[in-house]
>>> print(open('run_18.cif').read())   # mmCIF, C-alpha atoms and all ligand atoms
data_coords
loop_
_atom_site.label_atom_id
_atom_site.label_comp_id
_atom_site.auth_asym_id
_atom_site.auth_seq_id
_atom_site.Cartn_x
_atom_site.Cartn_y
_atom_site.Cartn_z
CA MET J 558 208.85 -84.44 8.34
CA GLN J 559 205.89 -84.68 10.72
CA ASN J 560 203.43 -83.09 8.32
CA ALA J 561 204.57 -85.51 5.59
CA GLY J 562 204.03 -88.41 7.99
CA ILE J 563 200.62 -87.04 9.02
CA ALA J 564 199.59 -86.68 5.36
CA GLU J 565 200.74 -90.21 4.58
CA LEU J 566 198.62 -91.52 7.48
CA GLN J 567 195.68 -89.47 6.12
CA LEU J 568 195.10 -87.65 9.38
CA ASN J 569 193.50 -84.23 9.46
CA TRP J 570 196.21 -82.94 11.80
CA ARG J 571 198.80 -80.17 11.53
CA TYR J 572 202.25 -80.04 13.08
CA LEU J 573 203.23 -76.47 13.99
CA ALA J 574 206.28 -74.85 15.58
CA PHE J 575 205.96 -72.50 18.54
CA ASP J 576 208.72 -70.46 20.11
CA VAL J 577 208.29 -70.68 23.89
CA HIS J 578 210.39 -68.90 26.49
CA PRO J 579 211.82 -71.38 29.05
CA ASP J 580 210.13 -69.44 31.90
CA GLU J 581 206.74 -70.11 30.28
CA LEU J 582 207.13 -73.79 29.44
CA GLY J 583 204.63 -74.86 32.10
CA GLU J 584 201.96 -72.46 30.82
CA ALA J 585 202.61 -73.49 27.20
CA ILE J 586 202.13 -77.19 28.01
CA LEU J 587 199.01 -76.38 30.04
CA GLY J 588 197.64 -74.29 27.16
CA ALA J 589 198.16 -77.13 24.68
CA LYS J 590 196.45 -79.52 27.11
CA ILE J 591 193.45 -77.24 27.57
CA MET J 592 193.13 -76.80 23.82
CA LYS J 593 193.11 -80.61 23.42
CA PHE J 594 196.31 -80.84 21.38
CA VAL J 595 197.21 -84.41 20.44
CA GLY J 596 200.79 -83.96 21.60
CA LEU J 597 203.98 -81.91 21.51
CA ASN J 598 207.64 -82.24 20.71
CA LEU J 599 210.13 -80.28 22.78
CA THR J 600 213.61 -79.23 21.84
CA VAL J 601 216.48 -77.17 23.22
CA PRO J 602 216.36 -75.86 25.93
CA HIS J 603 213.16 -77.51 27.19
CA LYS J 604 213.98 -81.21 27.36
CA LEU J 605 215.26 -81.35 30.94
CA MET J 606 212.82 -78.81 32.42
CA ALA J 607 209.82 -80.59 30.93
CA LEU J 608 210.21 -83.33 33.55
CA GLN J 609 208.76 -80.86 36.06
CA HIS J 610 205.83 -79.85 33.87
CA VAL J 611 204.12 -83.09 32.86
CA ASP J 612 201.59 -85.09 34.86
CA VAL J 613 203.15 -88.49 34.12
CA VAL J 614 206.72 -89.38 33.09
CA ASP J 615 207.16 -92.51 30.98
CA GLU J 616 209.76 -94.98 32.27
CA ALA J 617 212.27 -94.33 29.45
CA ALA J 618 212.04 -90.55 29.85
CA ARG J 619 212.73 -90.95 33.57
CA GLN J 620 215.64 -93.26 32.84
CA TRP J 621 217.26 -90.95 30.26
CA GLY J 622 216.46 -87.83 32.27
CA ALA J 623 214.80 -85.84 29.48
CA ILE J 624 211.49 -85.44 27.65
CA ASN J 625 211.23 -84.63 23.95
CA THR J 626 207.68 -85.88 23.29
CA ILE J 627 204.39 -85.32 25.11
CA ARG J 628 201.13 -87.17 24.48
CA PHE J 629 197.90 -85.79 25.90
CA GLU J 630 195.54 -88.41 27.22
CA GLY J 631 191.88 -88.00 28.15
CA GLN J 632 189.77 -89.97 30.57
CA ASP J 633 186.94 -91.76 28.81
CA ARG J 634 183.54 -92.49 30.40
CA THR J 635 184.91 -95.59 32.14
CA GLY J 636 187.76 -93.56 33.67
CA ALA J 637 190.43 -95.17 31.46
CA TRP J 638 193.15 -92.94 29.92
CA GLN J 639 193.19 -92.86 26.11
CA PRO J 640 195.12 -90.68 23.66
CA VAL J 641 193.09 -87.48 23.18
CA ALA J 642 193.17 -88.13 19.43
CA GLU J 643 191.07 -91.25 19.91
CA LEU J 644 188.29 -89.66 21.95
CA PRO J 645 185.38 -87.51 20.71
CA PRO J 646 186.28 -84.08 22.20
CA GLU J 647 182.90 -83.64 23.91
CA THR J 648 183.30 -86.90 25.86
CA ILE J 649 186.67 -86.05 27.41
CA GLN J 650 186.34 -85.59 31.18
CA LYS J 651 189.89 -84.79 32.19
CA ILE J 652 193.24 -84.54 30.38
CA ARG J 653 196.76 -85.45 31.50
CA SER J 654 200.15 -84.93 29.87
CA VAL J 655 202.53 -87.88 29.53
CA GLY J 656 206.22 -87.25 28.81
CA PHE J 657 208.32 -89.59 26.63
CA ASN J 658 211.88 -89.70 25.35
CA THR J 659 212.41 -90.84 21.76
CA ASP J 660 215.93 -89.42 21.34
CA ALA J 661 217.82 -92.13 23.17
CA ASP J 662 216.61 -95.04 21.02
CA ALA J 663 216.99 -92.90 17.89
CA ILE J 664 220.73 -92.37 18.40
CA ILE J 665 221.32 -96.12 18.83
CA ARG J 666 219.31 -96.91 15.67
CA SER J 667 221.13 -94.25 13.66
CA LEU J 668 224.57 -95.45 14.84
CA ARG J 669 223.70 -98.98 13.71
CA GLU J 670 222.21 -97.93 10.37
CA ASP J 671 224.39 -95.02 9.36
CA LEU J 672 227.74 -96.12 10.77
CA LYS J 673 227.17 -99.90 11.07
CA LEU J 674 228.38 -99.42 14.63
CA GLU J 675 227.38 -101.86 17.35
CA PRO J 676 227.49 -100.07 20.72
CA ARG J 677 227.93 -103.31 22.70
CA GLY J 678 231.60 -103.61 23.64
CA ALA J 679 232.53 -100.30 21.99
CA SER J 680 234.92 -97.70 23.33
CA ILE J 681 233.37 -94.27 22.89
CA LEU J 682 234.45 -90.66 23.37
CA LEU J 683 231.30 -88.64 24.04
CA LEU J 684 231.56 -84.87 23.69
CA GLY J 685 228.92 -82.94 25.64
CA ALA J 686 227.06 -83.60 28.88
CA GLY J 687 223.88 -81.56 28.32
CA GLY J 688 220.45 -83.11 27.78
CA ALA J 689 221.39 -84.87 24.54
CA GLY J 690 224.78 -85.99 25.83
CA GLN J 691 223.31 -87.37 29.05
CA ALA J 692 220.59 -89.35 27.28
CA ALA J 693 223.11 -90.75 24.76
CA ALA J 694 225.63 -91.70 27.47
CA LEU J 695 223.04 -93.49 29.62
CA ARG J 696 221.52 -95.28 26.64
CA LEU J 697 224.96 -96.37 25.33
CA ALA J 698 225.79 -97.67 28.80
CA GLN J 699 222.54 -99.63 28.87
CA GLU J 700 223.36 -101.03 25.44
CA GLY J 701 226.60 -102.46 26.85
CA ALA J 702 229.32 -100.03 25.71
CA ALA J 703 232.63 -101.20 27.19
CA GLN J 704 234.19 -97.79 27.80
CA LEU J 705 232.75 -94.30 27.92
CA HIS J 706 235.05 -91.28 27.95
CA LEU J 707 233.04 -88.16 28.79
CA VAL J 708 234.34 -84.71 27.89
CA ASN J 709 232.45 -81.48 28.44
CA ARG J 710 233.29 -77.77 28.57
CA THR J 711 231.94 -77.71 32.14
CA GLN J 712 234.01 -80.53 33.62
CA SER J 713 231.79 -80.90 36.72
CA LYS J 714 228.85 -81.97 34.52
CA ALA J 715 230.95 -84.67 32.84
CA GLU J 716 232.05 -85.88 36.29
CA GLU J 717 228.49 -85.93 37.59
CA LEU J 718 227.34 -87.93 34.57
CA ALA J 719 230.31 -90.32 34.91
CA GLY J 720 229.31 -90.86 38.56
CA LEU J 721 225.70 -91.58 37.60
CA ILE J 722 226.75 -94.08 34.94
CA GLY J 723 229.23 -95.73 37.30
CA ARG J 724 226.47 -96.27 39.86
CA SER J 725 223.77 -97.35 37.40
CA TYR J 726 225.91 -99.47 35.04
CA PRO J 727 228.82 -100.93 37.03
CA GLY J 728 229.90 -103.05 34.01
CA VAL J 729 230.82 -99.97 31.99
CA ARG J 730 234.25 -98.40 32.41
CA VAL J 731 233.56 -94.69 32.56
CA ALA J 732 235.80 -91.66 33.03
CA ALA J 733 235.37 -87.92 32.66
CA ALA J 734 238.57 -87.65 30.62
CA TYR J 735 240.01 -88.02 27.12
CA PRO J 736 240.91 -91.59 26.10
CA LYS J 737 244.54 -92.72 26.02
CA ALA J 738 243.98 -95.46 23.42
CA ARG J 739 242.03 -95.84 20.16
CA VAL J 740 238.25 -95.47 20.27
CA ASP J 741 235.58 -97.01 18.05
CA LEU J 742 233.50 -93.85 18.05
CA VAL J 743 233.60 -90.13 18.74
CA LEU J 744 230.07 -88.83 19.31
CA ASN J 745 229.44 -85.09 19.34
CA ALA J 746 226.47 -84.05 21.48
CA THR J 747 227.56 -80.43 21.94
CA SER J 748 226.24 -77.53 19.90
CA LEU J 749 229.73 -76.74 18.57
CA GLY J 750 229.66 -76.95 14.79
CA LEU J 751 226.27 -75.31 14.24
CA LYS J 752 228.04 -72.08 13.29
CA PRO J 753 230.77 -72.03 10.62
CA GLU J 754 233.16 -70.16 12.91
CA ASP J 755 232.82 -72.74 15.73
CA ALA J 756 235.92 -74.48 17.03
CA LEU J 757 236.10 -78.29 17.00
CA PRO J 758 234.16 -79.77 19.96
CA PHE J 759 237.33 -81.37 21.41
CA ASP J 760 240.85 -80.19 22.21
CA PRO J 761 243.18 -81.40 19.40
CA ALA J 762 246.13 -81.05 21.77
CA ARG J 763 244.59 -83.70 24.03
CA PHE J 764 242.99 -86.02 21.50
CA ASP J 765 244.09 -87.10 18.03
CA LEU J 766 241.06 -87.69 15.82
CA SER J 767 242.98 -90.23 13.73
CA SER J 768 242.74 -92.57 16.72
CA ALA J 769 238.95 -92.81 16.14
CA SER J 770 237.43 -95.33 13.71
CA ALA J 771 234.12 -93.48 13.32
CA VAL J 772 232.70 -90.06 14.11
CA TYR J 773 229.01 -89.23 14.60
CA ASP J 774 227.83 -85.65 14.91
CA MET J 775 224.30 -85.05 16.25
CA ILE J 776 224.38 -81.82 14.23
CA TYR J 777 222.73 -82.26 10.82
CA ARG J 778 222.81 -78.68 9.56
CA PRO J 779 225.37 -78.03 8.15
CA ALA J 780 225.30 -81.54 6.69
CA GLU J 781 229.04 -81.74 7.22
CA SER J 782 230.20 -79.94 10.35
CA PRO J 783 233.89 -78.98 10.67
CA LEU J 784 234.25 -82.06 12.90
CA LEU J 785 232.84 -84.39 10.22
CA ALA J 786 234.87 -82.72 7.46
CA THR J 787 238.09 -83.20 9.44
CA ALA J 788 237.16 -86.79 10.26
CA ARG J 789 236.35 -87.66 6.65
CA LYS J 790 239.64 -86.21 5.39
CA ILE J 791 241.67 -88.42 7.72
CA GLY J 792 239.72 -91.54 6.77
CA CYS J 793 237.23 -91.98 9.65
CA GLN J 794 233.75 -93.25 8.87
CA THR J 795 231.29 -90.39 9.41
CA ALA J 796 227.56 -89.74 9.85
CA ASN J 797 225.56 -86.69 10.80
CA GLY J 798 222.50 -86.46 13.05
CA LEU J 799 219.81 -86.60 10.36
CA GLY J 800 219.12 -90.26 11.10
CA MET J 801 218.68 -89.50 14.79
CA LEU J 802 216.33 -86.61 13.96
CA LEU J 803 214.30 -88.87 11.67
CA TYR J 804 213.96 -91.75 14.13
CA GLN J 805 213.09 -89.61 17.14
CA GLY J 806 210.38 -87.95 15.04
CA ALA J 807 209.06 -91.22 13.65
CA LYS J 808 208.78 -92.69 17.15
CA ALA J 809 206.97 -89.54 18.36
CA LEU J 810 204.44 -89.88 15.53
CA GLU J 811 203.93 -93.51 16.52
CA ILE J 812 203.33 -92.47 20.14
CA TRP J 813 200.66 -89.95 19.07
CA THR J 814 198.93 -92.10 16.45
CA GLY J 815 199.46 -95.68 17.59
CA SER J 816 200.26 -96.41 13.92
CA SER J 817 203.51 -97.52 12.39
CA PRO J 818 205.24 -94.35 11.06
CA PRO J 819 205.78 -93.87 7.31
CA ILE J 820 209.57 -93.61 7.52
CA ALA J 821 210.29 -93.22 3.77
CA ALA J 822 207.90 -90.26 3.36
CA MET J 823 209.25 -88.65 6.52
CA ARG J 824 212.88 -89.11 5.42
CA LYS J 825 212.13 -87.60 2.00
CA ALA J 826 210.44 -84.54 3.52
CA LEU J 827 213.26 -84.13 6.02
CA GLU J 828 215.96 -84.23 3.35
CA GLN J 829 214.02 -81.79 1.19
CA ASN J 830 213.51 -79.34 4.02
CA VAL J 831 216.93 -79.59 5.61
CA TYR J 832 219.12 -79.89 2.52
CA GLY J 833 216.78 -78.74 -0.26
CA ARG J 834 217.21 -81.93 -2.29
P1 LIG J 901 221.10 -80.33 24.40
O1 LIG J 901 219.74 -80.62 24.93
O2 LIG J 901 221.14 -80.16 22.90
O3 LIG J 901 222.12 -81.29 24.89
P2 LIG J 901 222.20 -78.46 26.32
O4 LIG J 901 221.67 -79.29 27.45
O5 LIG J 901 222.12 -76.97 26.38
O6 LIG J 901 221.50 -78.86 24.95
O7 LIG J 901 223.74 -78.91 26.09
C1 LIG J 901 224.62 -78.27 25.19
C2 LIG J 901 226.00 -78.94 25.22
O8 LIG J 901 226.90 -78.25 24.34
C3 LIG J 901 226.66 -78.93 26.59
O9 LIG J 901 227.48 -80.06 26.70
C4 LIG J 901 227.49 -77.64 26.52
O10 LIG J 901 228.57 -77.59 27.40
P3 LIG J 901 228.36 -77.00 28.92
O11 LIG J 901 227.76 -78.12 29.71
O12 LIG J 901 229.70 -76.64 29.37
O13 LIG J 901 227.42 -75.82 28.79
C5 LIG J 901 228.00 -77.75 25.10
N1 LIG J 901 228.38 -76.44 24.57
C6 LIG J 901 227.56 -75.43 24.20
N2 LIG J 901 228.28 -74.37 23.75
C7 LIG J 901 229.58 -74.73 23.86
C8 LIG J 901 230.82 -74.07 23.56
N3 LIG J 901 230.85 -72.84 23.07
N4 LIG J 901 231.96 -74.76 23.80
C9 LIG J 901 231.95 -76.01 24.29
N5 LIG J 901 230.81 -76.67 24.58
C10 LIG J 901 229.64 -76.05 24.37
#
>>> encode(input="run_18.cif", output="structure tokens")
Amino acid sequence: MQNAGIAELQLNWRYLAFDVHPDELGEAILGAKIMKFVGLNLTVPHKLMALQHVDVVDEAARQWGAINTIRFEGQDRTGAWQPVAELPPETIQKIRSVGFNTDADAIIRSLREDLKLEPRGASILLLGAGGAGQAAALRLAQEGAAQLHLVNRTQSKAEELAGLIGRSYPGVRVAAAYPKARVDLVLNATSLGLKPEDALPFDPARFDLSSASAVYDMIYRPAESPLLATARKIGCQTANGLGMLLYQGAKALEIWTGSSPPIAAMRKALEQNVYGR
């Protein structure tokens, strides 16, 4: 997806994947900075820890509590910070890392486009209170969701997140519990469903999926998780996380390049690589 976007923008850049142990995240970011990388994306399990390893945290990343994109900026001769990509390497005096979050906006955009769901006023059951779940919950609260029901394997994390939302967004009704009435959306932000043998990410004895109008699964591979397959069979509207993946990546490319991202080329490459079509 990123290399297709880079090619479309005619940049002589390469997007590469590196497997970094969580204990060495700080060194990896420092190494990329020293080698004058343009930027980085971070994924599981680095998104929360990265907050401690960047020089500057963008406002949205601070608000959503996670970083998935880093841009390296160099000081030009006047002392102003510019993206490293825009400076001749030999003129760069000093480099800093700036952390961004592009996941939170991407989930909202994908919900609107792929499910035609407007978060404002919606009642939502959110499964998962890890990095992705937290960013989604906070962003949905900011968007004006009416009710958020937070469910997580580790109940204390759901309660902590419910407390944070209650304090930050007093207009949102929030509870760390299953809903008792119909919901507009069930949103899966857990990793359950990645493996074929995984159980459903909620307890069917405590929640009846037919009381949901729509189901969104952040998982995009398999294209139809057991959760989405069950939801489709009982008539819920469904969407997987490919749209979220696309939009978080497109926004990251925009942050690095300052150019508007070539969404169509990126979507095509993503579908080819993820689903082979
Ligand atoms: P991410 O950044 O993708 O959110 P994460 O922070 O590791 O990754 O969060 C993973 C989420 O999936 C958490 O909500 C986790 O539940 P816990 O907070 O209890 O760990 C959930 N999860 C992972 N494996 C699970 C499993 N086997 N059963 C239920 N929930 C699971």
>>> atom_distance(input="run_18.cif", atom1="atom CA of J:Pro736", atom2="atom CA of J:Arg619")
29.2 Å
>>> residues_around(input="run_18.cif", residues="stretch 742-759 of chain J", least_positions_apart="3", cutoff="10 Å", atoms="all atoms listed in the file", output="ChimeraX atom specification")
/J:668,672,674,676,679-694,705-710,735,739,762-766,768-785,787-788,793-798
>>> atom_distance(input="run_18.cif", atom1="atom CA of J:Leu599", atom2="atom CA of J:Ile624")
7.2 Å
>>> closest_residue(input="run_18.cif", among="J:Lys714, J:Arg634, J:Arg653, J:Arg669", to="ligand LIG 901 (chain J)", atoms="only C-alpha atoms and all ligand atoms")
J:Lys714
>>> closest_residue(input="run_18.cif", among="J:Gln829, J:Gln699, J:Ser817, J:Gln620", to="J:Leu566", atoms="all atoms listed in the file")
J:Ser817
>>> residues_around(input="run_18.cif", residues="J:Ala589", least_positions_apart="2", cutoff="12 Å", atoms="only C-alpha atoms", output="ChimeraX atom specification")
/J:573,575,582-587,591-598,611,627-630,641,652-654
>>> atom_distance(input="run_18.cif", atom1="atom CA of J:Gly792", atom2="atom CA of J:Ala703")
23.7 Å
